[in-house]
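> Please find one structure pasted underneath; my questions will follow.
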Amino acid sequence: MLGVALGAGLIAGAITLPSAGAADGPELIVNGDFADGTTAPWWWTGNTEGVVVDGQLCADIPGGTVNPWDAIIGQNDLPLTAGESYELTYTATSTVPITSRTAVQQAEEPYATELSVVDTITDEPEPISHVFNVGADNDAAQLVFQVGGKAEPFTLCLDDISLTGGAEPPVYVPDTGSPVRVNQVGYLPDAPKQGTFVTESTSALPWTVHNAAGDEVATGTTTPLGVDPSSDQNVHSFDFSEVTAAGDGYTVTIDEETSEPFAIGDDLYSSLRTDALAYYYHNRSGIEIDADLVGEEYARPAGHVNEGPNQGDDGVTCWKNECDYTLDAAGGWYDAGDHGKYVVNGGISVAQLLSSYERTLTTEGADGAPLGDGELAVPEQGNGVPDILDEARWQLEFLLSMRVPEGEELAGLAHHKLHDAAWTALPTWPHLDDQPRELHPPSTAATLNVVAAAAQGARLFAEYDADFADELLAAAESSYAAALAHPDLLADPNDGIGGGAYSDAKVTDEFYWAAAELFVTTGEDSYLDAVLGSELHGDTEAVFPSGGFSWADTAALGGLSLATVPNELPAEELSAIRASVAEAADALVAIVDAEAYGVPLTIDNYVWGSNSQVLNNMVVLATAHDLTGDDVYRDAVLSGLNYLLGNNPLNLSYVTGYGERDVHNQHHRFWANQLDPSLPNPAAGSVAGGPNSALQDPVAEDKLEGCAPAMCYIDDIESYATNEITINWNAPLAWIASYTDDLGAGGTR
């Protein structure tokens, strides 16, 4: 949302025109230099007043507002022509550093924008300029400077405001830094060490590895690979696996270009595991986030607990009043960039946290101690339960609370999601969200997510809380029966106001996953029959898709549990599912070998959340390594990790806080430093969604048109389709960080 109905604050005055900007077209702004001391036709919201001071339009902006549009200065009646390029220029100062959400947009709902940018304004009068293309004719558009949502009051002054047509559209060129690409965190001593060099040369080139002291420690020559279709870059690969000495500050130099520094060592990824898992406490709903656990910068009041403007999640009614009951669905995790809580995204997320822990019980050499009591950022420390299970319980209890109550027609089914009635602005703290909260209709997919996660949780909590384990299993079995009675209740793909739709047109994979987890936990024949009778069982690509499993494609979760957790599968079936894991991993190894950047993803799978597809493929590869001990699978996992942490076409680490060129402006409601300097960047260990060739948000459409698939990413908070962060993307990151740390410690085969 970028606007509200406006009109108050208009003041009559003389009209003067500023000098034309760099563009050639006529000036559209009236009285943009305030030379005659008048303010007309500028307007402002009712909580401030514009006055001319020293030839500038100044206004005292109150503190304590919530949304950017709570305080605006603007001008209406701007004629725009479709297909034309325009340049907006202005100069501004503020008595305190702020950000302005500056927009050229419709003057009435739905306030569709032609330009929407975030400008940083300080006490220094720096000129600001934006060139943009217009997509639709509009004879009465408006320019708005939205400066609300700030805690403290300040004075804003504007001058030399100009909007002219005929501008030359800028071409966005990403800053890719050095053409020598490496894993910017580092490499395990005895593991392969590879990188990529972007060059116009088609001949092999010498490379040199230097240590932190500048000493040459290894040399070799690159291998030309030609043009990489995923990036349109001509690339070479290089391999310096011979370097095994532990140390920080290594670099690789090729053709007078030097890589970002990196380390070699065994203990490079323990902090990544801890940080990736802390993401969940950071994003808990319904609880104060404690500075002692996350630091003052990230501490915040509890969200959605019926305090202040907040509506609580402890008595939520149904969307469109479609039910006559309310649910106490407090708790759980906020899903992604918004304050919604989605069962289908929450199910896979908590399942992968549970699997991270369960792997330490079933895999030789996997270390559960770093996941144990007192090791992670959770307030339940010291209760005798592994911290990762404490975190999982926060979500499991929410999932159980989303079920339709007994006695209702759809009893046992789970509501698909809970979120705001309308989209909130960026930034918005959870405790300042003033939107009504609504339950959306039950779905078969959501119900089966509850079944699978609860069944898995039941076997893991049995040792620590038998009553809770029994509650989980009873809920799983009753909800499974409800899903069988309603096997095709699908979420509406058009239900996307105030929260994501998360629609899923097929649920055979969720049925397979749910039956598998119930069978592993109970050993009952009815669940075994459901597994063996599934159309997916025995079809490797159907269970372990090479494009990566996801919230909408969950059969792999069941397959991995069947293959790794002790259960009563007949011996031939156990052998078959393990062989299927290896077959899927072999296909992924072939992809890694074929891709110039060594990523386990093909060119046609750079989709929304592509980095999570990469990570989930890495989970399959790592599981194959756990099962077989074959290092070819381990090496493919580490190659994928290299890609995520810097050995990629954009030379970025996609994980905040890790690497010299880490992304840090991901799409999030309250980790929003790009929009408000008083707010933090995403916490360390947050993985960005990654390249998305579909360009499904306005920033991506504007900046990335024509991009090669692996280049379709921008570290901008407004690019939700390339740069969001979510619970279901961080879950496999935590899983892989735990696996990789085990490798460094000498664990697992």
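In the structure tokens, the first chain shown is A, the next is B, and so on; residue numbers restart at 1 for each chain, and ligands run from 1 in the order shown.
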Would you list the contacts of region 143-159 of chain A as number ranges by chain, taking every protein, DNA or RNA residue within 7 Å and counting only C-alpha atoms, but skipping same-chain residues closer than 3 positions in sequence?
A: 32-33, 56-76, 90-96, 99-105
> For Gly533 (chain A), list every protein, DNA or RNA residue within 12 Å, evaluated using only C-alpha atoms, and leave out those in the same chain fewer than 3 positions away; present the list as a PyMOL selection string.
chain A and resi 508+511-512+515-516+525-530+536-538
> Mind dumping the selected residues with all heavy atoms as a JSON list (two decimals), in the first residue's frame?

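Output file part30.json is given in full below:
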```json
[["chain", "number", "residue", "atom", "x", "y", "z"],
["A", 508, "THR", "N", -1.16, -35.28, -3.64],
["A", 508, "THR", "CA", -0.66, -36.65, -3.54],
["A", 508, "THR", "C", 0.67, -36.70, -2.79],
["A", 508, "THR", "O", 0.95, -37.66, -2.06],
["A", 508, "THR", "CB", -0.46, -37.25, -4.94],
["A", 508, "THR", "OG1", 0.32, -36.35, -5.75],
["A", 508, "THR", "CG2", -1.81, -37.50, -5.62],
["A", 511, "PHE", "N", -0.08, -36.39, 0.97],
["A", 511, "PHE", "CA", -0.58, -37.67, 1.48],
["A", 511, "PHE", "C", 0.56, -38.68, 1.66],
["A", 511, "PHE", "O", 0.60, -39.41, 2.66],
["A", 511, "PHE", "CB", -1.64, -38.25, 0.52],
["A", 511, "PHE", "CG", -3.05, -37.83, 0.85],
["A", 511, "PHE", "CD1", -3.75, -36.99, 0.00],
["A", 511, "PHE", "CD2", -3.68, -38.27, 2.01],
["A", 511, "PHE", "CE1", -5.05, -36.59, 0.30],
["A", 511, "PHE", "CE2", -4.98, -37.89, 2.31],
["A", 511, "PHE", "CZ", -5.66, -37.04, 1.46],
["A", 512, "TYR", "N", 1.50, -38.70, 0.72],
["A", 512, "TYR", "CA", 2.63, -39.61, 0.82],
["A", 512, "TYR", "C", 3.49, -39.27, 2.04],
["A", 512, "TYR", "O", 3.88, -40.15, 2.83],
["A", 512, "TYR", "CB", 3.47, -39.53, -0.46],
["A", 512, "TYR", "CG", 4.63, -40.49, -0.51],
["A", 512, "TYR", "CD1", 4.45, -41.83, -0.83],
["A", 512, "TYR", "CD2", 5.93, -40.05, -0.28],
["A", 512, "TYR", "CE1", 5.52, -42.72, -0.88],
["A", 512, "TYR", "CE2", 7.01, -40.92, -0.34],
["A", 512, "TYR", "CZ", 6.80, -42.25, -0.64],
["A", 512, "TYR", "OH", 7.87, -43.11, -0.70],
["A", 515, "ALA", "N", 1.58, -40.11, 5.36],
["A", 515, "ALA", "CA", 1.52, -41.55, 5.62],
["A", 515, "ALA", "C", 2.89, -42.09, 6.02],
["A", 515, "ALA", "O", 3.01, -42.95, 6.90],
["A", 515, "ALA", "CB", 1.00, -42.27, 4.38],
["A", 516, "ALA", "N", 3.94, -41.57, 5.37],
["A", 516, "ALA", "CA", 5.29, -42.03, 5.69],
["A", 516, "ALA", "C", 5.66, -41.70, 7.14],
["A", 516, "ALA", "O", 6.19, -42.54, 7.87],
["A", 516, "ALA", "CB", 6.30, -41.41, 4.73],
["A", 525, "ASP", "N", 0.15, -51.02, 9.81],
["A", 525, "ASP", "CA", 0.03, -51.50, 8.43],
["A", 525, "ASP", "C", -0.79, -50.56, 7.54],
["A", 525, "ASP", "O", -0.51, -50.46, 6.34],
["A", 525, "ASP", "CB", -0.61, -52.89, 8.42],
["A", 525, "ASP", "CG", 0.33, -53.97, 8.95],
["A", 525, "ASP", "OD1", 1.54, -53.70, 9.02],
["A", 525, "ASP", "OD2", -0.16, -55.06, 9.29],
["A", 526, "SER", "N", -1.79, -49.89, 8.10],
["A", 526, "SER", "CA", -2.63, -49.03, 7.27],
["A", 526, "SER", "C", -1.80, -47.89, 6.67],
["A", 526, "SER", "O", -2.03, -47.49, 5.51],
["A", 526, "SER", "CB", -3.78, -48.45, 8.09],
["A", 526, "SER", "OG", -3.30, -47.67, 9.17],
["A", 527, "TYR", "N", -0.86, -47.39, 7.42],
["A", 527, "TYR", "CA", -0.01, -46.32, 6.90],
["A", 527, "TYR", "C", 1.01, -46.87, 5.91],
["A", 527, "TYR", "O", 1.33, -46.22, 4.90],
["A", 527, "TYR", "CB", 0.68, -45.58, 8.05],
["A", 527, "TYR", "CG", -0.31, -45.00, 9.05],
["A", 527, "TYR", "CD1", -0.16, -45.25, 10.42],
["A", 527, "TYR", "CD2", -1.40, -44.24, 8.63],
["A", 527, "TYR", "CE1", -1.07, -44.73, 11.33],
["A", 527, "TYR", "CE2", -2.31, -43.73, 9.54],
["A", 527, "TYR", "CZ", -2.14, -43.98, 10.89],
["A", 527, "TYR", "OH", -3.04, -43.47, 11.80],
["A", 528, "LEU", "N", 1.52, -48.08, 6.17],
["A", 528, "LEU", "CA", 2.42, -48.71, 5.20],
["A", 528, "LEU", "C", 1.69, -48.94, 3.89],
["A", 528, "LEU", "O", 2.24, -48.68, 2.81],
["A", 528, "LEU", "CB", 2.94, -50.04, 5.76],
["A", 528, "LEU", "CG", 3.80, -50.86, 4.79],
["A", 528, "LEU", "CD1", 5.04, -50.10, 4.37],
["A", 528, "LEU", "CD2", 4.18, -52.19, 5.43],
["A", 529, "ASP", "N", 0.46, -49.40, 3.96],
["A", 529, "ASP", "CA", -0.32, -49.62, 2.74],
["A", 529, "ASP", "C", -0.49, -48.32, 1.96],
["A", 529, "ASP", "O", -0.44, -48.31, 0.72],
["A", 529, "ASP", "CB", -1.69, -50.20, 3.08],
["A", 529, "ASP", "CG", -1.61, -51.62, 3.63],
["A", 529, "ASP", "OD1", -0.55, -52.27, 3.44],
["A", 529, "ASP", "OD2", -2.59, -52.07, 4.25],
["A", 530, "ALA", "N", -0.70, -47.21, 2.69],
["A", 530, "ALA", "CA", -0.86, -45.92, 2.01],
["A", 530, "ALA", "C", 0.42, -45.50, 1.33],
["A", 530, "ALA", "O", 0.40, -44.94, 0.22],
["A", 530, "ALA", "CB", -1.30, -44.86, 3.02],
["A", 536, "LEU", "N", 3.19, -42.17, -6.17],
["A", 536, "LEU", "CA", 4.53, -41.60, -6.17],
["A", 536, "LEU", "C", 5.60, -42.60, -5.77],
["A", 536, "LEU", "O", 6.76, -42.47, -6.16],
["A", 536, "LEU", "CB", 4.59, -40.40, -5.21],
["A", 536, "LEU", "CG", 3.57, -39.29, -5.41],
["A", 536, "LEU", "CD1", 3.77, -38.18, -4.39],
["A", 536, "LEU", "CD2", 3.63, -38.73, -6.82],
["A", 537, "HIS", "N", 5.21, -43.59, -4.95],
["A", 537, "HIS", "CA", 6.20, -44.50, -4.39],
["A", 537, "HIS", "C", 6.93, -45.27, -5.48],
["A", 537, "HIS", "O", 6.31, -45.87, -6.37],
["A", 537, "HIS", "CB", 5.52, -45.48, -3.43],
["A", 537, "HIS", "CG", 6.49, -46.30, -2.64],
["A", 537, "HIS", "ND1", 7.31, -45.75, -1.68],
["A", 537, "HIS", "CD2", 6.80, -47.63, -2.69],
["A", 537, "HIS", "CE1", 8.06, -46.71, -1.15],
["A", 537, "HIS", "NE2", 7.78, -47.85, -1.76],
["A", 538, "GLY", "N", 8.25, -45.24, -5.42],
["A", 538, "GLY", "CA", 9.06, -45.94, -6.42],
["A", 538, "GLY", "C", 9.43, -45.09, -7.62],
["A", 538, "GLY", "O", 10.23, -45.51, -8.45]]
```
> Could you give me, as an MDAnalysis selection string, the residues within 10 Å of Glu477 (chain A), counting only C-alpha atoms and dropping anything in the same chain fewer than 4 positions from it?
chainID A and resid 412 451:452 454:455 472:473 481:483 514:515 518
> Give the answer as one residue: which of A:Leu396, A:Ala107, A:Leu225, A:Cys318 has the shortest atom-to-atom distance to Phe468 (chain A), using only C-alpha atoms?
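Answer, going by the shortest atom-to-atom distance: A:Leu396.
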> Just the number, please: distance in Å from CA of Gly457 (chain A) to CA of Gly372 (chain A), one decimal.
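About the pair CA of Gly457 (chain A) and CA of Gly372 (chain A): they are 16.1 Å apart.
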> Quick check, in Å to one decimal: how far apart do CA of Trp333 (chain A) and CA of Leu277 (chain A) lie?
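Interatomic distance, CA of Trp333 (chain A) to CA of Leu277 (chain A): 12.3 Å.
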> Counting only C-alpha atoms, figure out which residue out of A:Thr656, A:Ser401, A:Thr89, A:Thr363 gets nearest to Ala622 (chain A).
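With only C-alpha atoms as the atom set, the closest residue is A:Thr363.
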> Ranking A:Leu439, A:Ala213, A:Leu410, A:Ala276 by minimum distance to Ile725 (chain A) and counting only C-alpha atoms, which one comes first?
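Closest to Ile725 (chain A) of all the choices is A:Ala276.
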> How many Å lie between CA of Ser231 (chain A) and CA of Ala708 (chain A), rounded to one decimal?
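Going from CA of Ser231 (chain A) over to CA of Ala708 (chain A), I get 5.0 Å.
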> I need the residue nearest Tyr633 (chain A) from this list: A:Ile577, A:Leu272, A:Ala191, A:Ala734. Use only C-alpha atoms for the distance.
A:Ala191
> Per residue of region 399-454 of chain A within 9 Å of region 286-307 of chain A, which atom pair is closest and at what distance in Å (one decimal), using only C-alpha atoms, listed by chain and increasing number, as CSV?

```
residue,atom,partner,partner_atom,distance
A:Trp429,CA,A:Gly303,CA,7.8
A:Pro430,CA,A:Gly303,CA,4.6
A:His431,CA,A:Gly303,CA,4.1
A:Leu432,CA,A:Gly303,CA,7.7
A:Asp433,CA,A:His304,CA,7.7
A:Arg437,CA,A:His304,CA,8.8
```
> With DSSP run on the backbone, what are the strand (DSSP E) residues within region 352-566 of chain A? I'd like them as a PyMOL selection string.
chain A and resi 414-420+437-443
> At a cut-off of 10 Å, using only C-alpha atoms, what residues contact Tyr325 (chain A)? Leave out same-chain residues fewer than 3 positions from it and give the result as an MDAnalysis selection string.
chainID A and resid 315:318 321:322 404:405 408
> Keeping only C-alpha atoms, write those residues as a PDB file, in the first residue's frame.

```pdb
ATOM      1  CA  GLY A 315      -9.355 -15.274  19.293  1.00  0.00           C
ATOM      2  CA  VAL A 316      -9.239 -15.152  15.518  1.00  0.00           C
ATOM      3  CA  THR A 317     -12.406 -15.200  13.451  1.00  0.00           C
ATOM      4  CA  CYS A 318     -12.854 -16.636   9.994  1.00  0.00           C
ATOM      5  CA  ASN A 321     -17.348 -14.845   8.652  1.00  0.00           C
ATOM      6  CA  GLU A 322     -17.344 -18.334   7.130  1.00  0.00           C
ATOM      7  CA  VAL A 404     -11.143 -27.001  13.173  1.00  0.00           C
ATOM      8  CA  PRO A 405     -12.632 -27.772  16.623  1.00  0.00           C
ATOM      9  CA  GLU A 408     -17.763 -28.771  13.634  1.00  0.00           C
TER      10      GLU A 408
END
```
> I'd like the neighbourhood of region 178-190 of chain A as a ChimeraX atom specification, where a residue qualifies if any of its atoms comes within 8 Å (using only C-alpha atoms), though same-chain residues fewer than 2 positions away should be ignored.
/A:176,192-199,241,243-246,252-254,257-266,268,641-648,651,653,658-661,744
> Which is closest to Asp630 (chain A) among A:Thr424, A:Asp586, A:Asn211, A:Ile348, if we use only C-alpha atoms?
A:Asp586
> For Ser580 (chain A), please output as a VMD selection string all residues within 10 Å (counting only C-alpha atoms; exclusion window: fewer than 5 positions along the same chain).
chain A and resid 537 to 541 543 to 544 559 to 560 563 574 to 575 585 to 586 624
> Would you kindly return, as a list in words, each protein, DNA or RNA residue with an atom no farther than 10 Å from any atom of region 672-674 of chain A, considering only C-alpha atoms and excluding same-chain residues fewer than 3 positions away?
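Close residues of region 672-674 of chain A: Thr99, Val118, Asp119, Thr120, Gly337, Leu426, Pro427, Thr428, Trp429, His664, Asn665, Gln666, His667, His668, Arg669, Pro677, Ser678, Leu679, Pro680, Asn681, Pro682, Asp716, Ile717 and Glu718 of chain A.
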> Can you list, as a ChimeraX atom specification, every residue of region 448-493 of chain A that DSSP puts in alpha helix (DSSP H)?
/A:448-461,466-485
